[in-house]
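Some notes on the structure that comes next.
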Amino acid sequence: MTTVDQRPASEFENNDQKPVGHGRMLRKEDPRFIRGKGRYCDDVQLPGMLHLAILRSPVAHARIVSIDTSAAEAHPKVKAVVTGAALAEMGLAWMPTLSGDVQAVLATDKVRFQGQEVAFVVAEDRYAARDALELIDVEYDVLEPVIDVRRALDPGAPVIRDDLDGKENNHVFDWETGDEAATEAVFAAADVAVTQDIVYPRVHPAPMETCGSVADYDRIDGRLTLWSTTQAPHAHRTLYAIVAGLPEHKIRVIAPDIGGGFGGKVPIYPGYVCSIVASIVTGKPVKWMEDRSENLTSTGFARDYIMRGEIAATGDGRILAIRTNVLADHGAFNGVAAPVKYPAGFFGVFTGSYDLQAAYCKMTAVHTNKAPGGVAYACSFRITEAVYLVERLVDCLAYELKMDPVELRVKNFIQPEQFPYKTKTGWVYDSGDYEPTMRKAMEIAGYDELRAEQAERRARGELMGIGVCFFTEAVGAGPRKDMDILGLGMADGCELRVHPTGKAVVRLSVQSQGQGHETTFAQIVAEEIGIPPADIDVVHGDTDQTPFGLGTYGSRSTPVSGAAAALVARKVRDKARLIASGMLEVSVADLEWQKGSFHVKGDPGKSVTIQDIAMRAHGAGDLPEGVEGGLEAQICYNPENLTYPHGAYICVVDIDPGTAQVKVRRFIAVDDCGTRINPMIIEGQVHGGLTDGVGMALMEMIAFDEDGNCLGGSLMDYLIPTSLEVPDWETGFTVTPSPHHPIGAKGVGESATVGSPPAIVNAVVDALKPFGIRHADMPLTPSRVWDAMRGAPQPP
Ligand code: MCN
Ligand code: CUN
């Protein structure tokens with residue numbers, strides 16, 4: 001079923017059919033955030049707490065000859081200095097990564113990237129800990145680094161991971177999907193084939209809050225409490241239990257308020273483990289907080305894909321096949337958060353929103369002497385890269401065929417009646433109705449008028465560009481049979497308790513980093529059981545207080561935990577119905593539910609509210625036979641499939657011909673995430689993601705010099721956009737519910753970050769059409785645009 005709601009947002013969202021649940025409710029968490037009263041990791045203060053600072057490698061690749069810690073140990077405020085050798089004695093020098101590789105907690109043999117953890121100091125205060133780092137003397141025997149990813153597999157390239165048995169090169173994996181031979185046959189017979197090399201540079205999620213943790217190990221009862229900046233508290237707890245050998249029931253992981261995660265807080269970082277070790281060693285609580293440079297240079301990077309894309313079509317613009325070869329830079333340790341059996345989100349959607357005859361992708365990942373990472377930053381497991389590839393390729397094809405990019409896309413869309421649609425790589429898109437979404441974006445933009453204006457401006461020598469992107473995403477990992485992290489299945493628990501007075505607490509396994517879960521999950525439950533959202537408290541981010549689940553990433557909270565919350569509420573409602581039948585002395589079949597109360601069919605005057613029922617469930621007196629007291633339920637939800645949101649984005653840019661500076665004049669984003677729970681929060685998510693897109697398309701890149709020095713160690717060098725660089729966003733929506741989600745909702749948290757870079761780059765390339773340019777690589781800084789205008793070769 002597809003509804004394209006053409007009413008203005010305000011009307012739809014204040015629909016009086018929805019008095020309790022879904023709607024434009026202000027965020028419950030904001031009163032504390034806007035008054036500066038959020039409780040973040042660094043706000044945790046415990047009696048006797050010590051502070052930890054990490055010594056990091058100044059070079060990208062070197063053998064450690066010796067480490068002298070005696071001067072640091074002599075510092076009057078220092079309590080402990082720990083090196084990799086000391087960790088090795090405890091069996092803790094290495095830890096597993098999310099991809100089943102291992103990563104050094106502290107280097108023992110070699111350092112493998114600039115910024116790698118080498119030793120740590122624990123001291124009475126943060127300043128003393130930092131000062132003492134300078135007293136540690138490390139002798140390095142510098143080795144040749146591997147920085148250029150294209151050279152990583154050269155014979156004779158230095159082997160970075162000589163810690164791994166029998167490793168003789170820098171190869172990580174080869175993965176492929178699709179049908180190579182069938183794709184080759186379609187390409188051979190096609191009228192047109194276009195090949196384009198496309199780079200998605202290494203970027204950083206750059207959250208406002210850096211990473212940190214406070215570990216508190218209680219030597220008396222052997223309990224460890226860890227406050228940490230994590231997007232996946234339960235998964236982390238299990239991994240700590242496995243790595244450190246601590247019993248899982250004695251570990252409590254708390255993710256307090258988090259100042260942005262964007263994927264960067266999915267992995268376990270050495271700093272977390274160091275703080276745990278430090279607390280065990282000293283018997284005191286220990287805090288570790290990164291500074292900005294540490295965050296930018298050592299925590300999980302994103303992207304870094306070098307792609308060769310090929311697209312085949314008929315002469316009149318019927319797209320037949322897409323083929324791509326990807327070289328992925330995974331840095332020194334393979335820390336990508338990829339499910340064991342699920343190669344990459346890239347494979348799920350690189351065929352885009354189009355009905356193809358064949359597709360094939362081959363991907364090779366390699367090690368380089370750079371920080372690990374590789375999934376972070378609103379990517380849903382590399383969907384960002386896939387969407388960029390296909391949406392750039394379609395524009396390259398439009399360029400060659402001299403076709404309008406919208407017309408080419410619309411001509412090839414998967415049609416509404418084809419859903420559920422199985423792609424040529426075997427993934428099933430759950431639902432979609434693409435053309436109305438595209439038309440809506442064109443209508444808001446005034447597409448035809450914009451093209452007319454562009455023609456006039458071009459005639460005057462002005463550089464105006466119009467870029468289009470139409471994306472389909474795959475978000476909401478599970479189901480558990482297909483997806484896991486280190487063997488932990490991607491399903492989510494949820495628990496709901498209704499107290500005697502009719503107030504409720506819902507406990508989630510996912511954790512918000514700014515997405516507003518305290519509001520939207522209360523809204524989901526409110527919609528199902530009729531208790532107002534203000535009376536529903538959302539508890540999350542504490543493994544002692546919440547059921548097991550795999551955490552927030554891949555925009556999975558709404559698709560997975562959101563479904564769990566709706567279903568657990570329905571379970572409570574079913575029990576409430578039994579109790580109501582006793583209270584009203586009618587059979588269950590004679591009851592009707594209406595937003596918060598049951599009434600007798602045909603007699604609305606005879607009714608009981610959910611609050612009456614809650615009191616009865618806990619109160620004196622008999623309940624119907626077989627019904628236990630209390631009003632609560634728990635479930636574990638295993639999604640049937642991913643959800644596939646889509647969107648149509650149009651960007652208008654002007655380029656100054658004298659300075660090559662790109663200005664984003666307008667940006668229209670029409671998103672379809674199925675049923676919308678809180679339209680204001682969705683808009684916030686979209687605005688944030690679009691801003692991310694301006695950053696990646698025009699400004700951001702983690703660059704290295706040939707020695708492996710990271711050139712973006714501060715926000716002076718690693719540019720991120722501010723309100724000055726972005727236009728007033730123009731948003732719209734369509735609603736195509738997910739058929740397998742209990743309330744029809746799809747995820748939206750990453751959509752705009754995924755969909756905006758191709759629209760912006762397509763706009764810039766469109767503006768540069770008079771120069772005969774078909775492609776230019778991000779970030780489209782003035783110097784790169786200038787070079788493109790002058791026909792200079794692209795940088796590597
Ligand atoms: N929502 C809704 N209706 C829908 C879908 C979502 O009202 N149909 C609401 C949800 O209820 C939730 C928010 O929108 O409050 C985002 O929901 P969802 O799409 O399920 O994504 P998650 O909550 O799982 O958030 C993760 C996603 C990811 S993976 C990244 S990366 C990212 C993003 O969220 N990181 C963020 N947005 C972020 N926003 C902030 N402020 N901070 C981050 O770190
Ligand atoms: Cu890949 S960034 Mo979000 O999925 O946490």
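Residue numbering restarts at 1 for every chain of the structure tokens, chains are lettered A, B, ... in their displayed order, and ligands are numbered from 1 as they appear.
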DSSP-assigned strand (DSSP E) members of segment 135-346 of chain A, reported as a ChimeraX atom specification = /A:137-142,171-178,192-203,212-218,223-228,251-254,286-289,302-313,319-329
Please produce an output containing C-alpha atoms for each residue in the selection, written as a compact mmCIF listing (two decimals), in the first residue's frame.
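Result written to selection_6.txt:
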# COMPACT_ATOMS: atom_id res chain seq x y z
CA ASP A 137 60.98 8.17 26.43
CA VAL A 138 60.23 5.93 23.46
CA GLU A 139 62.85 4.92 20.96
CA TYR A 140 61.40 4.19 17.51
CA ASP A 141 63.06 2.50 14.58
CA VAL A 142 61.12 4.19 11.77
CA HIS A 171 45.45 -7.72 1.78
CA VAL A 172 42.35 -7.81 4.01
CA PHE A 173 39.61 -9.39 1.89
CA ASP A 174 38.09 -9.82 -1.55
CA TRP A 175 34.32 -9.85 -1.68
CA GLU A 176 32.01 -10.03 -4.64
CA THR A 177 28.32 -10.03 -5.35
CA GLY A 178 26.06 -10.29 -8.37
CA VAL A 192 26.28 2.69 -24.49
CA ALA A 193 28.69 1.94 -21.65
CA VAL A 194 30.20 4.64 -19.46
CA THR A 195 33.13 4.12 -17.10
CA GLN A 196 34.01 6.58 -14.37
CA ASP A 197 36.61 6.52 -11.59
CA ILE A 198 35.09 7.92 -8.44
CA VAL A 199 36.74 8.56 -5.06
CA TYR A 200 34.85 8.88 -1.81
CA PRO A 201 37.49 10.45 0.44
CA ARG A 202 38.25 9.50 4.02
CA VAL A 203 36.16 11.69 6.30
CA GLY A 212 35.75 8.90 26.73
CA SER A 213 34.99 6.58 29.60
CA VAL A 214 34.99 6.28 33.36
CA ALA A 215 35.78 2.83 34.71
CA ASP A 216 35.02 1.89 38.29
CA TYR A 217 36.19 -1.55 39.35
CA ASP A 218 35.09 -2.60 42.80
CA ARG A 223 31.95 -5.54 39.79
CA LEU A 224 32.95 -3.24 36.96
CA THR A 225 30.87 -0.18 36.09
CA LEU A 226 31.86 1.56 32.88
CA TRP A 227 30.40 4.85 31.74
CA SER A 228 31.39 5.23 28.13
CA ILE A 251 29.83 -5.76 34.22
CA ARG A 252 27.54 -2.78 33.90
CA VAL A 253 27.98 -0.52 30.86
CA ILE A 254 26.30 2.86 31.01
CA VAL A 286 39.60 6.19 36.32
CA LYS A 287 38.44 8.70 33.72
CA TRP A 288 39.74 8.95 30.16
CA MET A 289 38.58 11.76 27.86
CA ALA A 302 34.54 6.83 7.40
CA ARG A 303 34.47 6.03 3.64
CA ASP A 304 37.86 5.91 1.87
CA TYR A 305 36.64 3.99 -1.17
CA ILE A 306 38.23 4.18 -4.57
CA MET A 307 35.63 3.05 -7.03
CA ARG A 308 35.58 2.31 -10.72
CA GLY A 309 31.96 2.43 -11.82
CA GLU A 310 30.51 1.26 -15.10
CA ILE A 311 26.98 1.68 -16.36
CA ALA A 312 25.43 0.15 -19.49
CA ALA A 313 22.31 1.41 -21.26
CA ILE A 319 19.75 1.42 -17.88
CA LEU A 320 20.71 -2.24 -18.22
CA ALA A 321 23.53 -3.00 -15.84
CA ILE A 322 25.95 -1.57 -13.29
CA ARG A 323 29.36 -2.95 -12.50
CA THR A 324 31.90 -1.71 -10.02
CA ASN A 325 35.28 -2.46 -8.61
CA VAL A 326 36.12 -1.02 -5.22
CA LEU A 327 39.44 -0.60 -3.47
CA ALA A 328 38.82 0.02 0.22
CA ASP A 329 41.39 1.51 2.58
Please give me, as a ChimeraX atom specification, the residues lying within 9 Å of ligand 2 when counting only C-alpha atoms and all ligand atoms.
-> /A:205,231,261-266,302,337,374-384,475,552-556,749-750
So which residues touch Arg39 of chain A within 9 Å, counting only C-alpha atoms, skipping near sequence neighbours fewer than 4 positions away, as a VMD selection string?
-> chain A and resid 32 to 33 43 to 44 256 to 258
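If only C-alpha atoms are the atoms counted, then among A:Glu29, A:Glu117, A:Asp482, A:Asp163 the closest residue to Asp537 of chain A is A:Glu29.
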Quick one: residues within 9 Å of Ala491 of chain A, only C-alpha atoms counted, chain neighbours fewer than 3 positions away excluded, as number ranges by chain?
-> A: 477-480, 484, 488, 548-550, 560-561, 636-639
In Å to one decimal, how far is atom CA of Ala776 of chain A from atom CA of Leu408 of chain A?
-> 20.7 Å
Sorted by chain and rising residue number, list the residues of segment 619-704 of chain A at most 9 Å from segment 725-735 of chain A (counting only C-alpha atoms), each with its closest atom pair and distance in Å to one decimal, as CSV.
residue,atom,partner,partner_atom,distance
A:Gly647,CA,A:Phe733,CA,8.3
A:Lys663,CA,A:Glu725,CA,7.6
A:Val664,CA,A:Pro727,CA,6.4
A:Arg665,CA,A:Pro727,CA,6.1
A:Arg666,CA,A:Pro727,CA,5.9
A:Phe667,CA,A:Trp729,CA,5.6
A:Ile668,CA,A:Glu730,CA,4.7
A:Ala669,CA,A:Thr731,CA,4.7
A:Val670,CA,A:Gly732,CA,4.4
A:Asp671,CA,A:Phe733,CA,4.8
A:Asp672,CA,A:Thr734,CA,4.9
A:Cys673,CA,A:Val735,CA,6.6
A:Gly674,CA,A:Val735,CA,4.7
A:Thr675,CA,A:Val735,CA,6.1
A:Arg676,CA,A:Val735,CA,7.7
A:Glu683,CA,A:Thr731,CA,7.6
A:Val686,CA,A:Thr731,CA,8.3
A:His687,CA,A:Trp729,CA,6.8
A:Leu690,CA,A:Trp729,CA,8.1
A:Thr691,CA,A:Val726,CA,6.7
A:Val694,CA,A:Val726,CA,7.2
A:Gly695,CA,A:Glu725,CA,8.8
